[in-house]
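Participant: A single structure is presented below for examination.
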Amino acid sequence: MQVDGSNVIQAPRERVWALLQDPDVLARCVPGVQEMTPDGPDSYTAVLNVAVGPVKGKFKAKVKLSNQVPPESMTLTIEAKAPTGIVNAVGQLVLVDQGESTRVDWSGEPKMMGMIASLAGRLIGGISKSQADVFFGNLEKEAQKPVPA
Amino acid sequence: MTKLPDSNYVAPTGPQKFMGKPIKRVEDPRFITGAGMYTDDINVHGQLHAAMLRSPYAHAKIGKIDASEALALPGVHAVLTGEDMKDVGSIPTGWLLPGLVVPHHAAIAHTEVNYVGDIVAVVIADTRAIAEDAVALIDVDLEPLGSTSLGSQAMAEGATLVHEEAPGNVAFQWEIGDAAATEAGFAAADKVVSLKLRNHRLVPNAIEPRASLSEYRAASDEYTLHTTSQNPHIHRLLLAAFVLGIPEQKLRVISPDVGGGFGSKIFQYAEEVIVLFASKKLRRPIKWAARRSEAFVTDAQGRDHESEAEIALKADGSFLALRVKTLANMGAYLTTFAPAVPTYLYGTLLNGVYKFPAIHAHVTGVFTNTVPVDAYRGAGRPEATYLVERIVSKAAQELGMDPSEIRRKNFIQPQDFPYQTPVALVYDSGNYEPAMDKALGMANYQNLLQEQAEGRASGKKYIGIGFSTYVEACGLAPSALVGQLGAQAGQWESSVVRVMPTGKVEVLTGSHSHGQGHETTFAQLVAEELQIPMEDVTIVHGDTGKMPFGWGTYGSRSAAVGGSALKMALGKIKAKATKIAAHLLEAAPEDVEQVDGTFRVKGVPEGGKSFFDVALMAHLAHNFPADTEPGLEEQYMYDPKNFVYPFGTHIAVVEVDADTGKVKLRQYVAVDDCGPLMNPMIVEGQVHGGIAQGFGQAVLEETVYDEDGNLLSGNFMEYAMPRAEDMVQIQVDHTVTPSPHNPLGVKGIGESGTISSTAAVANAVVNALEAFGINHLDMPYTPEKVWQAIQAARKDMPQAADD
């Protein structure tokens, strides 16, 4: 199922781009992150506490950033495993310069496998959107923090 | 055929006190008050809990399994993988066909998983919660492989193989009937009607999820397995002899109260093997109980056919021939009865209640990366009935005939019995027209037709009337015959009647009750035959430690086969009791009769011996016939002479809302013939449940896999079971045509409702949609599907859209 959306961050595009490259910022913004550690260039392993519909659980995830075209676009790949199943997602982020603000257009195709597919399959679209809203809401807060010297 | 002493039914001569009476079920008070004792209610000292790590992929290679984190969790005793159990036997298939490919079926997958839900590893821990938490800590490298979920997709060029040993994913090719005679029928036809249909897959959803508890006693090297089963004796045989190599007498299998089976609790499952294995390895009792979400991905599923059928007719509607080609999706492995279901339980029923000069059917069994498919209430016969009854109704519509008249024209007539069909079966008895006439009357058919015509003309109301004039073959069946057909099991049934010194009676049966009400109907039979109160009778079932042999309950065999075994054993008890009474009365046995519970010398109203007197003396043996063994206990093993063939007419009336596509069941009439009714209340209950189940398939239930083999409808939000509000008050009646070859004259009734109702409801919905020029639509008739079909049809018929 294809999901997409747009969220606006009240910060210039370079600032938003920089935030998205910072693992500490991502760890604070991605909903349910318990830990997130870099394991290579633009690659992280993470433990996420996620509720996908009726399925709540701890997901072990691999997160990869690729195809980066600063400060315009990048690809985000997530492979998350839990005992109830697997969620794989490839997402595309496009940062659109709107002067003092930045619009992030995102799209992706989350794919679920295992029992989670039968329990939460129909909910994935709505969940993707609400999780994106949480993520960008957190990112907005990060953007409002003073830029470290 | 040789006539054996028990081969004929004799109708009772006098009034009956218990048989045929609507006696309330003796089981119900304990079920209704929550006092039933199910497997998961049983807890034993020292028991540990198992939780399964199940494959999230439909098809994958198993790489490294790292269980160190799981094992480090406090309370975890062991993690078992396929490596630990690699020397354990394959879970066998109980029915073999020529050329059948039987892939190895390991309890824990060893190198490869083949469906979502296949077991990769097992955690044994102090509590279920710890076991489940530990499952989450196991790290497994799974390398996904290509997968398929639909039969025709698995047969397509280039499809990934589920099992290397099954080229083209073909499990078997099977055919029945006379291809040349069928061709000739088509060559002579005035009209050929064809139908392409999908009989979609169903999830059984018994109310009680499966559970197993194994105890191992090292001192005697014995196992006791409590498990949710319809046939504990079959598990004892399969587990002991084929899987674990335990001597049968060292394994006791007990199925206590079981909350519904519908077939899904016949089969040998992996979890039973695992708890037995683990209980010996860890020297601790091991319990496993399925979560509902596990049940969705592990209980063997039902149906799943893709079929093409053609019927050849004369212009007057007489049938000349039927040709059927079916792809049967078997899922990832062949479970206990799987190969029999789309072959001998399906192809042989394609004749229906009609005179077909020729039939030919070809079935291909296909492996896919899905939950295995096996017998589900009706098992092959609902698939056959749906196909035959759908194509007959479609033929009537295309010929402009009334659907009841085309049936009447082609019915096998009463004088034709026993009737040899072109597809191997010999129907023992039947009388199809009276059942249909009764149903037509109960439905008020002529009024319905008028209402339908008026509704269509007004464009405001679309009602549909659907027929199913079914026959089914149940009460499996002569052992020698099913052996020739590939069964790896006998099909007789056993009964032990044990009269206690006080005259109380314990009956042991190899048949099993998991909703059928044996404790009531079998006690009725005992009370009737021995002229004692029902309260004095206890029916014991579901324990291989008490009852030495039996084959369990499936295929509507309990009354016809298990009940017949009981009737025959009771005959032996009566003969011996009469002999003892005669000795006590100083008369010849032939001069003694039992009247109102008392043994008397014929023509001598005073004196006499009660059943108690006789039972006591049988055990004291103080004053006893010289040539007779003490005691009063008899066993009978009854092997049926044929299947039994219940039949009937069901009429469903639906109303389709053209604006929303919603199908509402308005009326349902069921006239069944199951021979003499042992307990009409229980028969009615079976019919009600069966009809709801068949309606569920037609209108609500659908098992959906995505193209990668993920089950998308794995919960009750996605998988719609029938609810009370979906049903109507069912109008039930009966005709009674006794089966001539069993001593009770009974046929089965456990599956008829399901076998017939899917076809009746489907025919009703399509009949309603004929108003829009639609002449077939695959089930289930969800509002969306029906609405889309109406919209598409209106586009094709612009004048209709203007209405």
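If you're wondering about the labels, chains in the structure tokens are A, B, ... by order shown, residues count from 1 in each chain, ligands from 1 in order shown.
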Neighbouring residues of Val193 (chain B) were defined as those with any atom within 9 Å, considering only C-alpha atoms; residues of the same chain fewer than 3 positions away were excluded. Please report them as a PyMOL selection string.

Facilitator: chain B and resi 309-313+391-392+394-395+398

Participant: Please check the contacts: residues of chain B at most 7 Å away from chain A, using only C-alpha atoms, listed as a ChimeraX atom specification.

Facilitator: /B:55-57,116,135-136,710-715

Participant: Which polymer residues have any atom within 12 Å of an atom of His45 (chain B), counting only C-alpha atoms, with same-chain residues fewer than 2 positions away left out, as a PyMOL selection string?

Facilitator: chain B and resi 42-43+47-48+126+213-215+284-287

Participant: Out of A:Asp4, A:Asp22, A:Glu35, A:Asp97, which residue has the shortest atom-to-atom distance to Leu139 (chain A) when counting only C-alpha atoms?

Facilitator: A:Asp22

Participant: Counting only C-alpha atoms, what is within 7 Å of Gly597 (chain B), bar same-chain residues fewer than 4 positions away, as a tab-separated table (two decimals) with all heavy atoms, in the first residue's frame?

Facilitator:
```
chain	number	residue	atom	x	y	z
B	531	GLN	N	-34.03	-50.63	29.02
B	531	GLN	CA	-35.19	-50.26	29.83
B	531	GLN	C	-34.76	-49.83	31.23
B	531	GLN	O	-35.23	-50.32	32.25
B	531	GLN	CB	-36.20	-51.42	29.87
B	531	GLN	CG	-36.67	-51.81	28.50
B	531	GLN	CD	-37.76	-52.87	28.51
B	531	GLN	OE1	-38.44	-53.07	29.51
B	531	GLN	NE2	-37.94	-53.53	27.39
B	532	ILE	N	-33.83	-48.92	31.27
B	532	ILE	CA	-33.36	-48.36	32.54
B	532	ILE	C	-33.42	-46.84	32.43
B	532	ILE	O	-33.53	-46.30	31.33
B	532	ILE	CB	-31.92	-48.82	32.87
B	532	ILE	CG1	-30.95	-48.42	31.75
B	532	ILE	CG2	-31.88	-50.33	33.10
B	532	ILE	CD1	-29.49	-48.71	32.07
B	610	SER	N	-35.61	-57.60	38.19
B	610	SER	CA	-35.28	-56.28	37.67
B	610	SER	C	-33.89	-56.32	37.01
B	610	SER	O	-33.13	-57.28	37.21
B	610	SER	CB	-35.28	-55.25	38.80
B	610	SER	OG	-34.21	-55.54	39.68
B	611	PHE	N	-33.59	-55.26	36.29
B	611	PHE	CA	-32.26	-55.16	35.67
B	611	PHE	C	-31.20	-55.19	36.78
B	611	PHE	O	-30.13	-55.78	36.62
B	611	PHE	CB	-32.17	-53.89	34.84
B	611	PHE	CG	-30.94	-53.81	34.00
B	611	PHE	CD1	-30.78	-54.63	32.90
B	611	PHE	CD2	-29.91	-52.93	34.32
B	611	PHE	CE1	-29.62	-54.58	32.13
B	611	PHE	CE2	-28.75	-52.87	33.56
B	611	PHE	CZ	-28.62	-53.70	32.46
```

Participant: As an MDAnalysis selection string, please: the residues near Leu20 (chain A) (cut-off 12 Å, only C-alpha atoms, same-chain neighbours under 4 positions excluded).

Facilitator: chainID A and resid 9 13:16 24:30 42 65 68 70:76 93:95 104 135:136 138:140 142:143

Participant: Can I get the selection written as a compact mmCIF listing (two decimals), in the first residue's frame, with N, CA and C atoms?

Facilitator:
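Written output follows (part_12.txt):
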```txt
# COMPACT_ATOMS: atom_id res chain seq x y z
N ILE A 9 7.82 22.26 8.20
CA ILE A 9 8.65 22.58 9.38
C ILE A 9 9.02 24.06 9.30
N ARG A 13 15.50 25.18 4.80
CA ARG A 13 15.74 23.84 4.31
C ARG A 13 17.07 23.26 4.80
N GLU A 14 18.15 24.06 4.81
CA GLU A 14 19.47 23.56 5.26
C GLU A 14 19.40 23.06 6.70
N ARG A 15 18.63 23.81 7.50
CA ARG A 15 18.50 23.45 8.92
C ARG A 15 17.75 22.10 9.04
N VAL A 16 16.66 21.97 8.29
CA VAL A 16 15.89 20.72 8.33
C VAL A 16 16.74 19.55 7.85
N ASP A 24 21.21 11.71 16.81
CA ASP A 24 20.62 12.04 18.11
C ASP A 24 19.25 12.69 17.93
N VAL A 25 19.16 13.54 16.95
CA VAL A 25 17.87 14.18 16.66
C VAL A 25 16.86 13.13 16.22
N LEU A 26 17.28 12.23 15.32
CA LEU A 26 16.36 11.20 14.83
C LEU A 26 15.89 10.33 15.99
N ALA A 27 16.81 10.00 16.88
CA ALA A 27 16.45 9.16 18.02
C ALA A 27 15.39 9.84 18.88
N ARG A 28 15.47 11.17 18.96
CA ARG A 28 14.47 11.87 19.76
C ARG A 28 13.15 12.04 19.01
N CYS A 29 13.21 12.02 17.70
CA CYS A 29 12.00 12.32 16.91
C CYS A 29 11.19 11.09 16.48
N VAL A 30 11.91 10.02 16.12
CA VAL A 30 11.18 8.84 15.65
C VAL A 30 10.35 8.29 16.80
N ASP A 42 25.62 6.50 7.58
CA ASP A 42 24.18 6.66 7.30
C ASP A 42 23.37 5.39 7.58
N LEU A 65 19.99 5.54 5.42
CA LEU A 65 19.74 6.69 4.57
C LEU A 65 20.56 6.51 3.30
N GLN A 68 21.33 10.44 -0.96
CA GLN A 68 21.19 11.80 -0.42
C GLN A 68 21.60 12.85 -1.44
N PRO A 70 21.86 16.61 -0.87
CA PRO A 70 21.65 17.69 0.08
C PRO A 70 21.30 18.98 -0.65
N PRO A 71 20.44 19.76 -0.17
CA PRO A 71 19.54 19.52 0.96
C PRO A 71 18.14 19.18 0.46
N GLU A 72 18.11 18.39 -0.65
CA GLU A 72 16.82 18.24 -1.35
C GLU A 72 16.09 16.94 -1.08
N SER A 73 16.81 15.84 -1.15
CA SER A 73 16.06 14.58 -1.11
C SER A 73 16.93 13.44 -0.60
N MET A 74 16.26 12.44 -0.08
CA MET A 74 16.95 11.23 0.32
C MET A 74 15.97 10.06 0.40
N THR A 75 16.54 8.86 0.45
CA THR A 75 15.74 7.65 0.59
C THR A 75 15.98 7.08 1.98
N LEU A 76 14.89 6.67 2.61
CA LEU A 76 14.97 6.12 3.96
C LEU A 76 14.47 4.68 3.90
N LEU A 93 12.04 11.09 0.81
CA LEU A 93 11.78 12.39 1.43
C LEU A 93 12.26 13.48 0.46
N VAL A 94 11.41 14.43 0.18
CA VAL A 94 11.78 15.57 -0.68
C VAL A 94 11.55 16.85 0.11
N LEU A 95 12.62 17.65 0.24
CA LEU A 95 12.52 18.89 1.00
C LEU A 95 12.28 20.04 0.04
N VAL A 104 8.18 19.11 3.72
CA VAL A 104 8.75 17.79 3.47
C VAL A 104 7.66 16.92 2.85
N PHE A 135 6.36 12.34 14.17
CA PHE A 135 7.78 12.54 13.83
C PHE A 135 8.04 14.01 13.47
N PHE A 136 7.21 14.54 12.57
CA PHE A 136 7.48 15.91 12.11
C PHE A 136 7.15 16.93 13.20
N ASN A 138 7.78 16.39 16.34
CA ASN A 138 9.01 16.38 17.15
C ASN A 138 10.13 17.14 16.44
N LEU A 139 10.19 16.96 15.12
CA LEU A 139 11.25 17.61 14.35
C LEU A 139 11.10 19.12 14.41
N GLU A 140 9.86 19.56 14.39
CA GLU A 140 9.55 20.99 14.50
C GLU A 140 10.11 21.53 15.82
N GLU A 142 12.55 20.28 17.54
CA GLU A 142 14.01 20.29 17.43
C GLU A 142 14.47 21.53 16.66
N ALA A 143 13.70 21.87 15.62
CA ALA A 143 14.08 22.99 14.77
C ALA A 143 14.00 24.29 15.53
```

Participant: One decimal, Å: what's the distance from CA of Ser264 (chain B) over to CA of Tyr376 (chain B), could you say?

Facilitator: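 Rounded to one decimal, the two atoms are 6.4 Å apart.
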
Participant: What is the CA of Gly648 (chain B) to CA of Ser756 (chain B) distance in Å?

Facilitator: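 So the two atoms, CA of Gly648 (chain B) and CA of Ser756 (chain B), lie 8.4 Å apart.
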
Participant: CA of Ile234 (chain B) and CA of Arg303 (chain B), how far apart in Å?

Facilitator: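 Pair CA of Arg303 (chain B) / CA of Ile234 (chain B) returns 22.8 Å.
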